[in-house]
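Undergrad: Please find my_file.cif (mmCIF, C-alpha atoms) on the next line:
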```cif
data_run
loop_
_atom_site.label_atom_id
_atom_site.label_comp_id
_atom_site.auth_asym_id
_atom_site.auth_seq_id
_atom_site.Cartn_x
_atom_site.Cartn_y
_atom_site.Cartn_z
CA MET R 26 0.00 0.00 0.00
CA THR R 27 2.87 2.41 0.72
CA GLU R 28 4.32 1.91 -2.75
CA ARG R 29 1.21 3.17 -4.51
CA LEU R 30 0.87 6.38 -2.48
CA PRO R 31 3.78 8.23 -4.19
CA ALA R 32 2.49 7.04 -7.56
CA ARG R 33 -0.92 8.52 -6.77
CA ARG R 34 0.67 11.83 -5.77
CA ALA R 35 2.74 11.87 -8.94
CA ALA R 36 -0.31 11.08 -11.05
CA ALA R 37 -2.26 13.88 -9.34
CA ALA R 38 0.61 16.32 -9.96
CA VAL R 39 0.79 15.33 -13.62
CA GLN R 40 -2.96 15.77 -13.97
CA ARG R 41 -2.83 19.24 -12.36
CA ALA R 42 -0.01 20.23 -14.72
CA LEU R 43 -1.94 19.00 -17.75
CA ASP R 44 -5.09 20.81 -16.61
CA GLY R 45 -3.16 24.04 -16.25
CA SER R 46 -4.29 24.57 -12.68
CA HIS R 47 -1.88 26.20 -10.30
CA ASP R 48 -1.79 27.61 -6.80
CA ALA R 49 -3.29 31.11 -6.96
CA THR R 50 -1.90 32.02 -3.55
CA ALA R 51 1.74 31.72 -4.63
CA GLN R 52 3.59 35.04 -4.58
CA PRO R 53 6.69 36.02 -6.54
CA PRO R 54 9.88 36.40 -4.51
CA PRO R 55 10.54 39.84 -3.04
CA PRO R 56 12.86 42.16 -4.98
CA PRO R 57 16.49 42.18 -3.86
CA SER R 58 17.53 44.83 -1.39
CA PRO R 59 19.36 47.85 -2.81
CA GLY R 60 23.07 48.18 -2.24
CA TRP R 61 26.15 46.07 -2.62
CA ARG R 62 25.88 42.30 -2.30
CA ALA R 63 28.55 39.66 -2.38
CA GLY R 64 28.67 37.74 -5.63
CA GLU R 65 28.74 33.99 -5.99
CA ARG R 66 32.51 33.89 -6.48
CA ALA R 67 33.14 36.10 -3.45
CA LEU R 68 30.98 33.82 -1.31
CA ARG R 69 32.90 30.78 -2.53
CA LEU R 70 36.26 32.41 -1.81
CA GLY R 71 35.09 33.52 1.63
CA THR R 72 33.85 30.04 2.44
CA LEU R 73 37.15 28.53 1.33
CA ALA R 74 39.12 30.99 3.47
CA VAL R 75 36.95 30.37 6.56
CA VAL R 76 37.22 26.59 6.18
CA ALA R 77 41.00 26.82 5.79
CA LEU R 78 41.30 29.08 8.85
CA ALA R 79 39.12 26.72 10.90
CA ALA R 80 41.20 23.74 9.76
CA ALA R 81 44.37 25.55 10.81
CA LEU R 82 42.93 26.25 14.25
CA VAL R 83 41.58 22.74 14.74
CA THR R 84 44.69 20.91 13.56
CA GLY R 85 47.19 23.37 15.06
CA ARG R 86 49.29 23.35 11.90
CA PRO R 87 50.34 26.81 10.74
CA TRP R 88 51.07 25.76 7.15
CA VAL R 89 47.31 25.29 6.63
CA LEU R 90 46.99 29.09 6.92
CA ALA R 91 48.70 29.27 3.52
CA LEU R 92 45.58 27.67 2.04
CA ALA R 93 43.54 30.63 3.30
CA ALA R 94 46.00 33.25 2.02
CA ALA R 95 45.15 33.06 -1.69
CA PRO R 96 41.36 33.47 -1.33
CA LEU R 97 41.84 36.27 1.20
CA VAL R 98 44.19 38.13 -1.17
CA LEU R 99 41.72 37.74 -4.04
CA LEU R 100 38.88 39.03 -1.86
CA ALA R 101 40.97 42.01 -0.75
CA LEU R 102 41.81 42.86 -4.36
CA ALA R 103 38.16 42.66 -5.35
CA LEU R 104 36.94 45.16 -2.74
CA PRO R 105 35.27 48.20 -4.28
CA SER R 106 37.60 51.17 -4.26
CA GLY R 107 35.20 54.00 -4.94
CA PRO R 108 31.61 55.09 -4.76
CA ARG R 109 28.95 52.99 -6.34
CA PRO R 110 28.17 54.10 -9.91
CA GLU R 111 24.66 55.46 -10.39
CA GLY R 112 24.27 54.37 -14.01
CA VAL R 113 25.87 52.29 -16.67
#
```
Would you encode the structure as structure tokens?

TA:
Amino acid sequence: MTERLPARRAAAAVQRALDGSHDATAQPPPPPSPGWRAGERALRLGTLAVVALAAALVTGRPWVLALAAAPLVLLALALPSGPRPEGV
């Protein structure tokens, strides 16, 4: 009996999709907040640096800090150096 329950749900979902019915209460996501935001690459580099720093603290090996140096240098070089442009 438990094997047929997901199949019923899938069949109901397929039928709703074919009928064109959708949830009318769904709202679009809110607009992003104005101002500077970190990009995907900056978040990846920051995560890599934090993980390397944590690994250096946990293991007690100072050479692991060298793994955090490169992402931190790249993040420092990517910092905005002036006011935000108003237009393109």

Undergrad: Using the chain letters and numbers from this file, what does the PyMOL selection byres ((chain R and resi 96) around 9) select? Give the answer as a list of chain:residue names.

TA: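 That selection, the PyMOL selection byres ((chain R and resi 96) around 9), comes back as R:Ala67, R:Arg69, R:Leu70, R:Gly71, R:Leu73, R:Ala74, R:Leu92, R:Ala93, R:Ala94, R:Ala95, R:Leu97, R:Val98, R:Leu99, R:Leu100, R:Ala101.
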
Undergrad: Quick one: which residues end up in the PyMOL selection byres ((chain R and resi 60) around 12) for this structure, as a ChimeraX atom specification?

TA: /R:57-59,61-63,108-111

Undergrad: Could you check how far atom CA of Leu104 of chain R sits from atom CA of Gly64 of chain R, in Å to one decimal?

TA: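 These atoms are spaced 11.5 Å apart.
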
Undergrad: Please, what distance in Å, to one decimal, runs between atom CA of Val89 of chain R and atom CA of Arg66 of chain R?

TA: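 Rounded to one decimal, the two atoms are 21.6 Å apart.
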
Undergrad: To one decimal in Å, tell me the separation between atom CA of Val76 of chain R and atom CA of Trp88 of chain R.

TA: 13.9 Å

Undergrad: Here is a test: counting all atoms listed in the file, which residue of R:Ala103, R:Ala32, R:Ala37, R:Leu90 is nearest to Val75 of chain R?

TA: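 When distances to Val75 of chain R are compared using all atoms listed in the file, the smallest one comes from R:Leu90.
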